[in-house]
Amino acid sequence: MVKRIFAFFGAVLAGFWRTIDVLRRVVLNAVFLLLLAFVVVLLWRALPAVPDGAALVLRPAGPLVEQKTFETPLDLLRNGGVAPSQTVLHDLLEAVEAARDDTRIKALVIETDRLGPTGLSKLAELRAAIVAFRQSGKPVFARGERFTQGQYYLASAADEVHVGPDGFVLLQGLARYISYFAEALDKLGVKMHVFRVGEYKAFSEPFTRNDMSEADREASRDLLEGLWTGVREDLIASRRLAPEKLDAYVNAYPAALAATGGDAVSAARDAGLIDRASTRDEWRELLKARVGASEDGKDFRRVEADDYLAVVRATRPEQDDHVAVLVAQGAIIDGSDTQSAVGGDSLAHLIRMAREDERVKALVLRVDSPGGSAWASEVIRRELELTREAGKPVVASMSSVAASGGYWIATGAEEIFASPASLTGSIGIFALFPELAGALDKLGVNTDGVATGPLAGAFDPRRPLEPAAAKTIQLGIEHGYRRFLETVAKARDMSATEVDTVARGRVWTGEAATKLGLVDQLGGLEAAVAAAATRAGLKRYETVWPRADVGPGQRLLQRFVAALAPVGGLSVLSGLPASPLAVVIDGLQQDANELLRWNDPRHLYTHCLCEAL
């Protein structure tokens with residue numbers, strides 16, 4: 001009897017559990033189907049309409065990049081489900097270029113509030129496209145609640161520039177400040193052995209000095225002055241400013257503020273930097289008057305850049321012949337790509353795939369890299385050389401930074417384009433070896449053992465670096481530098497002595513590099529693509545952007561995130577300077593991340609320690 005009762009209740013509980021399990025699966029499947037339907041609607045929605053007489057609206061968000069880095073689901077969860085803002089430069093360039101000759105587009109509207117810190121050359125390239133649009137006879141309007149220097153540099157290309165009533169225009173000039181760790185390492189008992197060739201190869205100096213060397217100071221001053229001259233000339237030309245008035249605003253900003261009783265907007269207007277202050281509703285009404293009202297009368301007639309670009313690409317006829325643009329963005333490492341680095345093997349594979357693709361008739365390498373592994377750089381350069389030998393033209397296009405290892409891979413091209421504000425050169429090589437014996441000694445940790453040869457265990461950081469090991473590294477560095485000189489000399493039709501004169505680790509602007517023979521042409525990505533097509537004898541072609549292959553799940557998530565976000569991404573950046581503590585912590589974290597990704601098998605590096613100013 002008792003067994004029957006327990007059996008009965010057991011059957012009831014089992015049935016109840018099966019019911020719960022069925023309901024759980026039904027609910028989960030229903031949720032999955034709803035999400036799938038939502039994704040399908042987003043991905044296959046009808047193309048947006050482009051109203052006649054509309055304004056094309058550019059709202060870049062986050063930094064301008066050559067290629068978006070894909071955020072994994074885990075990365076998205078860490079950011080609260082929000083993808084970090086990034087705006088792909090060539091998307092905006094393509095939209096502005098298409099709009100210039102599109103009779104449906106009446107004007108261009110630029111709103112800079114979400115634009116984050118960006119390399120100067122990228123801003124200059126987009127700015128040049130805006131200037132070309134303006135020269136076609138169509139007006140350009142720009143507004144920001146406030147303007148940081150980069151935001152204003154972009155906005156200044158407009159016919160009319162507005163700022164919020166409580167905003168400001170922050171023009172500071174350019175600076176380069178570095179953290180030096182020699183004293184800290186000494187206190188920790190860490191001895192950093194540095195091997196390098198070239199007095200301007202300053203990457204290792206933060207680990208061996210407490211201040212900037214005179215050679216680095218000289219090179220940095222020349223570099224910054226060259227870049228600022230370009231910015232200054234662009235601002236003077238676009239805003240029709242008296243040079244002395246702009247200089248007074250930058251160099252004596254407190255005096256400019258004092259003259260207006262601290263009113264930053266009036267100071268900017270008096271200097272000729274802006275046309276007027278406007279609230280958001282006043283801005284909207286002004287654009288309704290200048291461009292025309294939307295059908296419902298609530299806004300001006302407009303089309304967002306991502307919607308417009310979708311229409312342009314969908315209606316463009318497909319071409320059989322392709323020019324492939326491959327992006328080298330980030331530090332160069334041995335092996336496969338990461339989210340923020342260029343894998344030598346990965347990029348070499350993409351180059352090889354492009355070479356073997358019959359539709360690809362020419363290749364453009366878009367470089368935005370300060371360098372990294374010498375080994376990986378040579379792997380990439382060799383694949384470019386093989387592509388040229390196979391009869392396919394290769395052109396290099398320098399973005400914000402194409403220095404050191406970034407320049408090494410560019411020598412694989414038969415023609416190099418650079419922006420005047422690109423940072424390039426830094427032809428040099430170095431190695432770092434941290435000796436931790438002192439630090440471990442302070443902790444009471446001792447190292448002892450035996451070896452079968454003088455170099456066995458010689459590169460163990462727990463032990464003092466043996467003189468024989470140090471000599472081995474230095475000989476490798478000197479050989480690597482000669483190899484670098486010879487590679488550049490062969491590619492640029494120069495002698496090794498001529499290259500050495502402009503090498504020794506010195507960083508140059510793209511404009512200076514052109515005069516020195518390191519770069520062929522000044523021009524942006526579009527000019528490089530056109531040159532590659534001309535070399536291949538193409539009149540009609542399609543530009544494609546191959547990327548490392550990802551799984552179907554990742555690809556679906558990529559498209560899902562792209563469908564949810566506008567061209568500029570999901571999150572909002574104010575563009576305001578970060579807090580002082582955040583600047584320090586972020587800088588130290590970046591330095592640490594940079595060191596952790598170094599993995600050259602010979603420990604030889606070509607890195608320029610230069611930022612996209």
# chains A, B, ... in the order shown; residues from 1 in each chain; ligands from 1
>>> select_by_dssp(residues="segment 115-356 of chain A", states="strand (DSSP E or B)", output="ChimeraX atom specification")
/A:115,140-144,147,160-163,169,191-197,276-277,293,300,302-304,322-329,331-333,338,341-343
>>> closest_atom_pairs(of="segment 414-532 of chain A", to="segment 190-198 of chain A", cutoff="7 Å", atoms="only C-alpha atoms", output="JSON lines")
{"residue": "A:Gly428", "atom": "CA", "partner": "A:Gly198", "partner_atom": "CA", "distance": 6.2}
{"residue": "A:Ile429", "atom": "CA", "partner": "A:Arg196", "partner_atom": "CA", "distance": 5.9}
{"residue": "A:Phe430", "atom": "CA", "partner": "A:Arg196", "partner_atom": "CA", "distance": 4.1}
{"residue": "A:Ala431", "atom": "CA", "partner": "A:Phe195", "partner_atom": "CA", "distance": 5.1}
{"residue": "A:Leu432", "atom": "CA", "partner": "A:Val194", "partner_atom": "CA", "distance": 4.8}
{"residue": "A:Phe433", "atom": "CA", "partner": "A:His193", "partner_atom": "CA", "distance": 5.0}
{"residue": "A:Pro434", "atom": "CA", "partner": "A:Met192", "partner_atom": "CA", "distance": 4.5}
{"residue": "A:Glu435", "atom": "CA", "partner": "A:Lys191", "partner_atom": "CA", "distance": 5.0}
{"residue": "A:Leu436", "atom": "CA", "partner": "A:Val190", "partner_atom": "CA", "distance": 5.0}
{"residue": "A:Gly438", "atom": "CA", "partner": "A:Val190", "partner_atom": "CA", "distance": 6.0}
{"residue": "A:Ala439", "atom": "CA", "partner": "A:Val190", "partner_atom": "CA", "distance": 5.6}
{"residue": "A:Gln474", "atom": "CA", "partner": "A:Phe195", "partner_atom": "CA", "distance": 5.8}
{"residue": "A:Ile477", "atom": "CA", "partner": "A:Arg196", "partner_atom": "CA", "distance": 6.3}
{"residue": "A:Glu478", "atom": "CA", "partner": "A:Val197", "partner_atom": "CA", "distance": 6.6}
{"residue": "A:Tyr481", "atom": "CA", "partner": "A:Val197", "partner_atom": "CA", "distance": 6.8}
{"residue": "A:Arg504", "atom": "CA", "partner": "A:Gly198", "partner_atom": "CA", "distance": 3.8}
{"residue": "A:Gly505", "atom": "CA", "partner": "A:Gly198", "partner_atom": "CA", "distance": 5.3}
>>> atom_distance(atom1="atom CA of Leu89 of chain A", atom2="atom CA of Pro63 of chain A")
9.2 Å
>>> residues_around(residues="Ala533 of chain A", least_positions_apart="3", cutoff="12 Å", atoms="only C-alpha atoms", output="list in words")
Asp321, His322, Val323, Ala324, Val325, Val360, Lys361, Ala362, Leu363, Val364, Lys392, Pro393, Val394, Val395, Glu526, Ala527, Ala528, Val529, Ala530, Ala536, Gly537, Leu538, Lys539, Arg540, Tyr541, Glu542 and Thr543 of chain A
>>> closest_atom_pairs(of="segment 346-437 of chain A", to="segment 229-240 of chain A", cutoff="12 Å", atoms="only C-alpha atoms", output="tab-separated table")
residue	atom	partner	partner_atom	distance
A:Ser419	CA	A:Gly230	CA	10.9
A:Pro420	CA	A:Gly230	CA	7.9
A:Ala421	CA	A:Gly230	CA	7.6
A:Ser422	CA	A:Gly230	CA	11.3
>>> closest_residue(among="A:Ser404, A:Arg143, A:Asp334, A:Phe133", to="Glu282 of chain A", atoms="only C-alpha atoms")
A:Arg143
>>> atom_distance(atom1="atom CA of Phe203 of chain A", atom2="atom CA of Asp493 of chain A")
27.9 Å
>>> residues_around(residues="Asp299 of chain A", least_positions_apart="3", cutoff="8 Å", atoms="only C-alpha atoms", output="PyMOL selection string")
chain A and resi 284-285+288+293-294+296
>>> select_by_dssp(residues="segment 323-558 of chain A", states="helix (DSSP H, G or I)", output="ChimeraX atom specification")
/A:344-356,374-389,405-410,437-442,467-492,496-502,510-516,525-535,552-558
>>> atom_distance(atom1="atom CA of Val450 of chain A", atom2="atom CA of Gly189 of chain A")
24.2 Å
>>> closest_residue(among="A:Glu94, A:Val57, A:Tyr253, A:Thr87", to="Ala310 of chain A", atoms="only C-alpha atoms")
A:Glu94
>>> closest_residue(among="A:Leu92, A:Ile416, A:Ala512, A:Ala403", to="Glu225 of chain A", atoms="only C-alpha atoms")
A:Ala512
>>> closest_residue(among="A:Ala175, A:Ala219, A:Val140, A:Ala413", to="Val502 of chain A", atoms="only C-alpha atoms")
A:Ala219
>>> closest_residue(among="A:Glu160, A:Glu66, A:Glu183, A:Asp52", to="Ala328 of chain A", atoms="only C-alpha atoms")
A:Glu66
>>> residues_around(residues="segment 468-472 of chain A", least_positions_apart="2", cutoff="8 Å", atoms="only C-alpha atoms", output="list of chain:residue names")
A:Pro454, A:Leu455, A:Ala458, A:Phe459, A:Leu465, A:Glu466, A:Gln474, A:Leu475, A:Gly476
